[in-house]
Amino acid sequence: MSELRIIPYSPELQPSFEAINKAWVNQYFTLEPFDIAQLEQPEENILGKGGEIIFAALGSEIIGTVALVPSQEEGIWEMIKMGVSPSFQWKGAGTLLGNKILEIAKNKGAKKVQLFSHTKLEAALHLYAKLGFSQCASSCSGYGRCNVKMEIEL
C-alpha cells in the first residue's frame with residue numbers, strides 16, 4: 001500500500017463518503033435518520049459543526065473514510081463514520097485513517113475521543129483496540145445500533 005495516502009474532504013468526495021458508509025451500515029444494520037443527514041449533507045451536519053472528514057486514497061480511488069465531530073462535553077470528540085471498502089480491508093487503510101483522525105482531534109484540543117459501535121463489528125473493534133481505544137461502561141447515547149462504547153485519552 002505504498003500509494004496509500006490521506007486526503008481531506010472536498011465536496012466532490014461526498015458521494016464516496018456516502019457510498020462507503022451506507023454499504024457497511026446497510027450490510028449489518030439499518031440506516032438511522034442521523035446517518036442519512038450526516039452522509040447526505042456532511043457539510044452541514046459534520047463540517048459545519050466544527051468536525052472533520054478525511055479519506056484514504058489509493059491512486060485515484062477512494063477506499064476509506066472517517067469523520068470526527070465535537071461532543072457536547074468540552075474536550076471530548078467523537079470518531080464517526082469509519083469505513084473501508086471491503087476489497088481493501090486488512091491492508092492498513094483503517095489504521096492510517098484512525099491514526100490521522102486522532103492526530104486531528106489532538107490538534108483541535110481534544111482530551112478524549114470516543115466512539116460507539118456494536119459487537120458484531122469484530123474487525124472494527126479489533127482496529128479500535130489496536131489504535132488504543134478501550135471499552136468503557138457507559139451509555140450508547142442515542143444510537144439504536146450501539147452496544148459498545150470505547151474511548152481513548154489523548
# chains A, B, ... in the order shown; residues from 1 in each chain; ligands from 1
>>> residues_around(residues="segment 79-86 of chain A", least_positions_apart="3", cutoff="8 Å", atoms="only C-alpha atoms", output="PDB file with N, CA and C atoms, in the first residue's frame")
ATOM      1  N   ILE A  20     -19.457   4.569   0.817  1.00  0.00           N
ATOM      2  CA  ILE A  20     -18.668   3.676   1.681  1.00  0.00           C
ATOM      3  C   ILE A  20     -19.409   3.404   2.977  1.00  0.00           C
ATOM      4  N   ASN A  21     -19.966   4.433   3.580  1.00  0.00           N
ATOM      5  CA  ASN A  21     -20.648   4.254   4.861  1.00  0.00           C
ATOM      6  C   ASN A  21     -22.017   3.593   4.729  1.00  0.00           C
ATOM      7  N   TRP A  24     -21.580  -0.365   4.531  1.00  0.00           N
ATOM      8  CA  TRP A  24     -21.382  -1.172   5.732  1.00  0.00           C
ATOM      9  C   TRP A  24     -22.571  -1.073   6.680  1.00  0.00           C
ATOM     10  N   ILE A  63     -10.789   4.678  -0.968  1.00  0.00           N
ATOM     11  CA  ILE A  63     -11.025   3.331  -0.435  1.00  0.00           C
ATOM     12  C   ILE A  63     -11.515   3.328   1.008  1.00  0.00           C
ATOM     13  N   GLY A  64     -11.485   4.488   1.669  1.00  0.00           N
ATOM     14  CA  GLY A  64     -11.933   4.533   3.052  1.00  0.00           C
ATOM     15  C   GLY A  64     -12.148   5.950   3.520  1.00  0.00           C
ATOM     16  N   THR A  65     -12.812   6.071   4.652  1.00  0.00           N
ATOM     17  CA  THR A  65     -13.115   7.389   5.192  1.00  0.00           C
ATOM     18  C   THR A  65     -13.392   7.297   6.691  1.00  0.00           C
ATOM     19  N   VAL A  66     -13.267   8.417   7.361  1.00  0.00           N
ATOM     20  CA  VAL A  66     -13.622   8.541   8.773  1.00  0.00           C
ATOM     21  C   VAL A  66     -13.902  10.014   9.055  1.00  0.00           C
ATOM     22  N   ALA A  67     -14.713  10.258  10.068  1.00  0.00           N
ATOM     23  CA  ALA A  67     -15.049  11.630  10.443  1.00  0.00           C
ATOM     24  C   ALA A  67     -14.885  11.815  11.946  1.00  0.00           C
ATOM     25  N   LEU A  68     -14.864  13.070  12.328  1.00  0.00           N
ATOM     26  CA  LEU A  68     -14.689  13.476  13.722  1.00  0.00           C
ATOM     27  C   LEU A  68     -15.649  14.616  13.991  1.00  0.00           C
ATOM     28  N   VAL A  69     -16.385  14.529  15.092  1.00  0.00           N
ATOM     29  CA  VAL A  69     -17.297  15.613  15.474  1.00  0.00           C
ATOM     30  C   VAL A  69     -17.113  15.931  16.951  1.00  0.00           C
ATOM     31  N   GLN A  89      -9.933  -3.935   2.904  1.00  0.00           N
ATOM     32  CA  GLN A  89      -9.825  -4.124   4.352  1.00  0.00           C
ATOM     33  C   GLN A  89      -8.637  -5.006   4.695  1.00  0.00           C
ATOM     34  N   ALA A  93      -5.440   0.647   5.625  1.00  0.00           N
ATOM     35  CA  ALA A  93      -6.172   1.900   5.429  1.00  0.00           C
ATOM     36  C   ALA A  93      -6.882   2.341   6.709  1.00  0.00           C
ATOM     37  N   GLY A  94      -7.508   1.414   7.412  1.00  0.00           N
ATOM     38  CA  GLY A  94      -8.209   1.763   8.648  1.00  0.00           C
ATOM     39  C   GLY A  94      -7.264   2.291   9.707  1.00  0.00           C
ATOM     40  N   ILE A 101      -6.999  10.674  12.164  1.00  0.00           N
ATOM     41  CA  ILE A 101      -8.125  11.382  12.770  1.00  0.00           C
ATOM     42  C   ILE A 101      -7.847  11.657  14.245  1.00  0.00           C
ATOM     43  N   VAL A 113     -11.239  11.034  22.848  1.00  0.00           N
ATOM     44  CA  VAL A 113     -12.059  10.712  21.683  1.00  0.00           C
ATOM     45  C   VAL A 113     -12.844   9.457  22.033  1.00  0.00           C
ATOM     46  N   GLN A 114     -14.117   9.478  21.727  1.00  0.00           N
ATOM     47  CA  GLN A 114     -14.967   8.325  21.993  1.00  0.00           C
ATOM     48  C   GLN A 114     -15.592   7.845  20.682  1.00  0.00           C
ATOM     49  N   LEU A 115     -16.070   6.625  20.717  1.00  0.00           N
ATOM     50  CA  LEU A 115     -16.781   6.073  19.572  1.00  0.00           C
ATOM     51  C   LEU A 115     -17.832   5.112  20.094  1.00  0.00           C
ATOM     52  N   PHE A 116     -18.830   4.897  19.267  1.00  0.00           N
ATOM     53  CA  PHE A 116     -19.920   3.989  19.595  1.00  0.00           C
ATOM     54  C   PHE A 116     -19.988   2.943  18.490  1.00  0.00           C
TER      55      PHE A 116
END
>>> residues_around(residues="segment 32-47 of chain A", least_positions_apart="6", cutoff="9 Å", atoms="only C-alpha atoms", output="number ranges by chain")
A: 11, 14-15, 17-19, 21-22, 25, 53, 67-70, 81, 143-145
>>> write_last_selection(atoms="C-alpha atoms", output="CSV table (one decimal), in the first residue's frame")
chain,number,residue,atom,x,y,z
A,11,PRO,CA,-17.4,18.5,-2.0
A,14,GLN,CA,-19.3,13.5,-0.7
A,15,PRO,CA,-20.6,10.6,-2.9
A,17,PHE,CA,-18.3,9.3,1.9
A,18,GLU,CA,-21.9,8.4,1.5
A,19,ALA,CA,-21.4,5.2,-0.5
A,21,ASN,CA,-20.6,4.3,4.9
A,22,LYS,CA,-24.1,3.3,3.5
A,25,VAL,CA,-24.4,0.2,7.7
A,53,ILE,CA,-13.8,14.2,7.3
A,67,ALA,CA,-15.0,11.6,10.4
A,68,LEU,CA,-14.7,13.5,13.7
A,69,VAL,CA,-17.3,15.6,15.5
A,70,PRO,CA,-17.2,17.6,18.7
A,81,LYS,CA,-18.4,7.1,10.0
A,143,TYR,CA,-27.7,5.3,18.7
A,144,GLY,CA,-30.0,2.4,18.0
A,145,ARG,CA,-27.3,0.0,16.8
>>> closest_residue(among="A:Asn147, A:Ser87, A:Gln72, A:Ser60", to="Leu121 of chain A", atoms="only C-alpha atoms")
A:Asn147
>>> closest_residue(among="A:Ala129, A:Asn99, A:Ala23, A:Gly59", to="Glu3 of chain A", atoms="only C-alpha atoms")
A:Gly59
>>> atom_distance(atom1="atom CA of Thr119 of chain A", atom2="atom CA of Gln135 of chain A")
11.1 Å
>>> select_by_dssp(residues="chain A", states="strand (DSSP E or B)", output="short mmCIF file (atom, residue, chain, number, x, y, z; two decimals) with C-alpha atoms, in the first residue's frame")
data_model
loop_
_atom_site.label_atom_id
_atom_site.label_comp_id
_atom_site.auth_asym_id
_atom_site.auth_seq_id
_atom_site.Cartn_x
_atom_site.Cartn_y
_atom_site.Cartn_z
CA LEU A 4 -1.96 4.93 0.17
CA ARG A 5 -2.48 8.50 1.28
CA ILE A 6 -4.84 10.59 3.38
CA ILE A 7 -6.74 13.43 1.77
CA PRO A 8 -9.14 15.97 3.29
CA GLU A 52 -13.54 16.89 10.02
CA ILE A 53 -13.79 14.23 7.33
CA ILE A 54 -10.78 12.52 5.81
CA PHE A 55 -10.30 9.84 3.19
CA ALA A 56 -7.84 7.10 2.36
CA ALA A 57 -6.97 7.10 -1.33
CA LEU A 58 -5.05 4.51 -3.29
CA GLU A 61 -9.54 5.56 -5.88
CA ILE A 62 -11.16 6.49 -2.56
CA ILE A 63 -11.03 3.33 -0.43
CA GLY A 64 -11.93 4.53 3.05
CA THR A 65 -13.12 7.39 5.19
CA VAL A 66 -13.62 8.54 8.77
CA ALA A 67 -15.05 11.63 10.44
CA LEU A 68 -14.69 13.48 13.72
CA VAL A 69 -17.30 15.61 15.47
CA PRO A 70 -17.23 17.56 18.72
CA ILE A 76 -14.42 15.29 24.07
CA TRP A 77 -14.75 14.43 20.40
CA GLU A 78 -16.43 11.51 18.67
CA MET A 79 -14.97 9.42 15.86
CA ILE A 80 -17.78 8.53 13.45
CA LYS A 81 -18.42 7.07 10.02
CA MET A 82 -15.30 4.96 9.65
CA GLY A 83 -15.48 2.64 6.69
CA VAL A 84 -13.11 0.93 4.29
CA LYS A 112 -10.56 12.33 24.78
CA VAL A 113 -12.06 10.71 21.68
CA GLN A 114 -14.97 8.33 21.99
CA LEU A 115 -16.78 6.07 19.57
CA PHE A 116 -19.92 3.99 19.60
CA SER A 117 -20.02 0.59 17.90
CA SER A 134 -10.59 0.94 25.50
CA GLN A 135 -14.10 -0.25 26.11
CA CYS A 136 -15.89 1.67 28.84
CA VAL A 148 -20.21 -0.82 22.77
CA LYS A 149 -18.68 2.48 23.78
CA MET A 150 -14.93 2.97 23.54
CA GLU A 151 -12.66 5.90 24.29
CA ILE A 152 -9.06 6.99 24.21
CA GLU A 153 -7.34 9.66 26.27
#
>>> atom_distance(atom1="atom CA of Gly75 of chain A", atom2="atom CA of Ala110 of chain A")
4.6 Å
>>> decode(residues="segment 26-151 of chain A", atoms="C-alpha atoms", output="PDB file, in the first residue's frame")
ATOM      1  CA  ASN A  26     -26.823  -1.479   5.329  1.00  0.00           C
ATOM      2  CA  GLN A  27     -24.825  -4.730   5.462  1.00  0.00           C
ATOM      3  CA  TYR A  28     -25.129  -5.016   9.250  1.00  0.00           C
ATOM      4  CA  PHE A  29     -27.882  -2.636  10.356  1.00  0.00           C
ATOM      5  CA  THR A  30     -30.446  -0.145   9.106  1.00  0.00           C
ATOM      6  CA  LEU A  31     -29.713   3.483   8.339  1.00  0.00           C
ATOM      7  CA  GLU A  32     -30.995   5.798  11.042  1.00  0.00           C
ATOM      8  CA  PRO A  33     -32.144   9.393  10.368  1.00  0.00           C
ATOM      9  CA  PHE A  34     -28.888  10.833  11.755  1.00  0.00           C
ATOM     10  CA  ASP A  35     -26.910   8.590   9.341  1.00  0.00           C
ATOM     11  CA  ILE A  36     -28.796   9.913   6.350  1.00  0.00           C
ATOM     12  CA  ALA A  37     -28.336  13.520   7.465  1.00  0.00           C
ATOM     13  CA  GLN A  38     -24.589  13.105   8.086  1.00  0.00           C
ATOM     14  CA  LEU A  39     -23.945  11.131   4.905  1.00  0.00           C
ATOM     15  CA  GLU A  40     -26.079  13.136   2.509  1.00  0.00           C
ATOM     16  CA  GLN A  41     -25.263  16.570   3.962  1.00  0.00           C
ATOM     17  CA  PRO A  42     -21.853  16.305   5.639  1.00  0.00           C
ATOM     18  CA  GLU A  43     -21.040  19.978   5.101  1.00  0.00           C
ATOM     19  CA  GLU A  44     -23.952  20.940   7.330  1.00  0.00           C
ATOM     20  CA  ASN A  45     -24.040  18.037   9.775  1.00  0.00           C
ATOM     21  CA  ILE A  46     -20.321  17.357  10.334  1.00  0.00           C
ATOM     22  CA  LEU A  47     -18.097  20.096   8.934  1.00  0.00           C
ATOM     23  CA  GLY A  48     -20.496  22.897   9.879  1.00  0.00           C
ATOM     24  CA  LYS A  49     -20.326  21.752  13.493  1.00  0.00           C
ATOM     25  CA  GLY A  50     -16.537  22.015  13.583  1.00  0.00           C
ATOM     26  CA  GLY A  51     -15.894  18.428  12.532  1.00  0.00           C
ATOM     27  CA  GLU A  52     -13.536  16.892  10.020  1.00  0.00           C
ATOM     28  CA  ILE A  53     -13.790  14.235   7.328  1.00  0.00           C
ATOM     29  CA  ILE A  54     -10.777  12.524   5.806  1.00  0.00           C
ATOM     30  CA  PHE A  55     -10.304   9.844   3.185  1.00  0.00           C
ATOM     31  CA  ALA A  56      -7.840   7.097   2.364  1.00  0.00           C
ATOM     32  CA  ALA A  57      -6.970   7.100  -1.331  1.00  0.00           C
ATOM     33  CA  LEU A  58      -5.055   4.514  -3.292  1.00  0.00           C
ATOM     34  CA  GLY A  59      -4.033   6.089  -6.561  1.00  0.00           C
ATOM     35  CA  SER A  60      -7.153   7.911  -7.707  1.00  0.00           C
ATOM     36  CA  GLU A  61      -9.544   5.556  -5.879  1.00  0.00           C
ATOM     37  CA  ILE A  62     -11.164   6.487  -2.556  1.00  0.00           C
ATOM     38  CA  ILE A  63     -11.025   3.331  -0.435  1.00  0.00           C
ATOM     39  CA  GLY A  64     -11.933   4.533   3.052  1.00  0.00           C
ATOM     40  CA  THR A  65     -13.115   7.389   5.192  1.00  0.00           C
ATOM     41  CA  VAL A  66     -13.622   8.541   8.773  1.00  0.00           C
ATOM     42  CA  ALA A  67     -15.049  11.630  10.443  1.00  0.00           C
ATOM     43  CA  LEU A  68     -14.689  13.476  13.722  1.00  0.00           C
ATOM     44  CA  VAL A  69     -17.297  15.613  15.474  1.00  0.00           C
ATOM     45  CA  PRO A  70     -17.228  17.557  18.721  1.00  0.00           C
ATOM     46  CA  SER A  71     -19.408  16.187  21.502  1.00  0.00           C
ATOM     47  CA  GLN A  72     -21.450  18.313  23.840  1.00  0.00           C
ATOM     48  CA  GLU A  73     -18.787  17.910  26.518  1.00  0.00           C
ATOM     49  CA  GLU A  74     -15.778  20.217  26.383  1.00  0.00           C
ATOM     50  CA  GLY A  75     -12.636  18.452  25.201  1.00  0.00           C
ATOM     51  CA  ILE A  76     -14.420  15.286  24.068  1.00  0.00           C
ATOM     52  CA  TRP A  77     -14.753  14.434  20.395  1.00  0.00           C
ATOM     53  CA  GLU A  78     -16.430  11.508  18.670  1.00  0.00           C
ATOM     54  CA  MET A  79     -14.971   9.421  15.864  1.00  0.00           C
ATOM     55  CA  ILE A  80     -17.778   8.532  13.450  1.00  0.00           C
ATOM     56  CA  LYS A  81     -18.422   7.073  10.025  1.00  0.00           C
ATOM     57  CA  MET A  82     -15.301   4.956   9.649  1.00  0.00           C
ATOM     58  CA  GLY A  83     -15.482   2.644   6.690  1.00  0.00           C
ATOM     59  CA  VAL A  84     -13.106   0.935   4.293  1.00  0.00           C
ATOM     60  CA  SER A  85     -14.215  -0.673   1.032  1.00  0.00           C
ATOM     61  CA  PRO A  86     -14.332  -4.469   1.537  1.00  0.00           C
ATOM     62  CA  SER A  87     -11.671  -5.296  -1.055  1.00  0.00           C
ATOM     63  CA  PHE A  88      -9.190  -3.033   0.768  1.00  0.00           C
ATOM     64  CA  GLN A  89      -9.825  -4.124   4.352  1.00  0.00           C
ATOM     65  CA  TRP A  90      -6.946  -5.525   6.410  1.00  0.00           C
ATOM     66  CA  LYS A  91      -4.388  -3.646   4.299  1.00  0.00           C
ATOM     67  CA  GLY A  92      -3.656  -0.707   6.579  1.00  0.00           C
ATOM     68  CA  ALA A  93      -6.172   1.900   5.429  1.00  0.00           C
ATOM     69  CA  GLY A  94      -8.209   1.763   8.648  1.00  0.00           C
ATOM     70  CA  THR A  95      -5.113   2.118  10.809  1.00  0.00           C
ATOM     71  CA  LEU A  96      -3.888   5.043   8.738  1.00  0.00           C
ATOM     72  CA  LEU A  97      -7.285   6.750   8.903  1.00  0.00           C
ATOM     73  CA  GLY A  98      -7.630   6.131  12.641  1.00  0.00           C
ATOM     74  CA  ASN A  99      -4.187   7.462  13.485  1.00  0.00           C
ATOM     75  CA  LYS A 100      -4.688  10.562  11.338  1.00  0.00           C
ATOM     76  CA  ILE A 101      -8.125  11.382  12.770  1.00  0.00           C
ATOM     77  CA  LEU A 102      -6.721  11.029  16.309  1.00  0.00           C
ATOM     78  CA  GLU A 103      -3.917  13.413  15.365  1.00  0.00           C
ATOM     79  CA  ILE A 104      -6.507  15.885  14.042  1.00  0.00           C
ATOM     80  CA  ALA A 105      -8.516  15.537  17.263  1.00  0.00           C
ATOM     81  CA  LYS A 106      -5.437  16.272  19.342  1.00  0.00           C
ATOM     82  CA  ASN A 107      -4.679  19.336  17.208  1.00  0.00           C
ATOM     83  CA  LYS A 108      -8.251  20.532  17.838  1.00  0.00           C
ATOM     84  CA  GLY A 109      -7.645  20.349  21.574  1.00  0.00           C
ATOM     85  CA  ALA A 110      -9.412  17.069  22.268  1.00  0.00           C
ATOM     86  CA  LYS A 111      -8.602  15.472  25.607  1.00  0.00           C
ATOM     87  CA  LYS A 112     -10.563  12.333  24.780  1.00  0.00           C
ATOM     88  CA  VAL A 113     -12.059  10.712  21.683  1.00  0.00           C
ATOM     89  CA  GLN A 114     -14.967   8.325  21.993  1.00  0.00           C
ATOM     90  CA  LEU A 115     -16.781   6.073  19.572  1.00  0.00           C
ATOM     91  CA  PHE A 116     -19.920   3.989  19.595  1.00  0.00           C
ATOM     92  CA  SER A 117     -20.024   0.591  17.901  1.00  0.00           C
ATOM     93  CA  HIS A 118     -21.511  -2.885  18.060  1.00  0.00           C
ATOM     94  CA  THR A 119     -20.116  -6.299  18.998  1.00  0.00           C
ATOM     95  CA  LYS A 120     -20.991  -7.757  15.585  1.00  0.00           C
ATOM     96  CA  LEU A 121     -18.385  -5.408  14.042  1.00  0.00           C
ATOM     97  CA  GLU A 122     -15.492  -7.558  15.240  1.00  0.00           C
ATOM     98  CA  ALA A 123     -12.939  -6.256  12.732  1.00  0.00           C
ATOM     99  CA  ALA A 124     -13.749  -2.660  13.644  1.00  0.00           C
ATOM    100  CA  LEU A 125     -13.462  -3.365  17.374  1.00  0.00           C
ATOM    101  CA  HIS A 126     -10.089  -5.032  16.761  1.00  0.00           C
ATOM    102  CA  LEU A 127      -8.912  -1.941  14.874  1.00  0.00           C
ATOM    103  CA  TYR A 128     -10.131   0.427  17.592  1.00  0.00           C
ATOM    104  CA  ALA A 129      -8.265  -1.556  20.252  1.00  0.00           C
ATOM    105  CA  LYS A 130      -5.142  -1.503  18.067  1.00  0.00           C
ATOM    106  CA  LEU A 131      -5.464   2.302  17.883  1.00  0.00           C
ATOM    107  CA  GLY A 132      -5.555   2.466  21.693  1.00  0.00           C
ATOM    108  CA  PHE A 133      -9.283   2.716  22.407  1.00  0.00           C
ATOM    109  CA  SER A 134     -10.589   0.936  25.497  1.00  0.00           C
ATOM    110  CA  GLN A 135     -14.099  -0.250  26.110  1.00  0.00           C
ATOM    111  CA  CYS A 136     -15.886   1.669  28.845  1.00  0.00           C
ATOM    112  CA  ALA A 137     -19.092   1.106  30.741  1.00  0.00           C
ATOM    113  CA  SER A 138     -21.356   3.897  29.690  1.00  0.00           C
ATOM    114  CA  SER A 139     -24.485   4.593  27.736  1.00  0.00           C
ATOM    115  CA  CYS A 140     -24.531   4.329  23.975  1.00  0.00           C
ATOM    116  CA  SER A 141     -26.069   7.759  23.573  1.00  0.00           C
ATOM    117  CA  GLY A 142     -28.915   7.942  21.084  1.00  0.00           C
ATOM    118  CA  TYR A 143     -27.673   5.271  18.686  1.00  0.00           C
ATOM    119  CA  GLY A 144     -30.042   2.402  18.038  1.00  0.00           C
ATOM    120  CA  ARG A 145     -27.327   0.033  16.804  1.00  0.00           C
ATOM    121  CA  CYS A 146     -24.830   0.607  19.610  1.00  0.00           C
ATOM    122  CA  ASN A 147     -23.874  -1.820  22.355  1.00  0.00           C
ATOM    123  CA  VAL A 148     -20.213  -0.822  22.765  1.00  0.00           C
ATOM    124  CA  LYS A 149     -18.685   2.480  23.783  1.00  0.00           C
ATOM    125  CA  MET A 150     -14.933   2.972  23.537  1.00  0.00           C
ATOM    126  CA  GLU A 151     -12.660   5.900  24.288  1.00  0.00           C
TER     127      GLU A 151
END
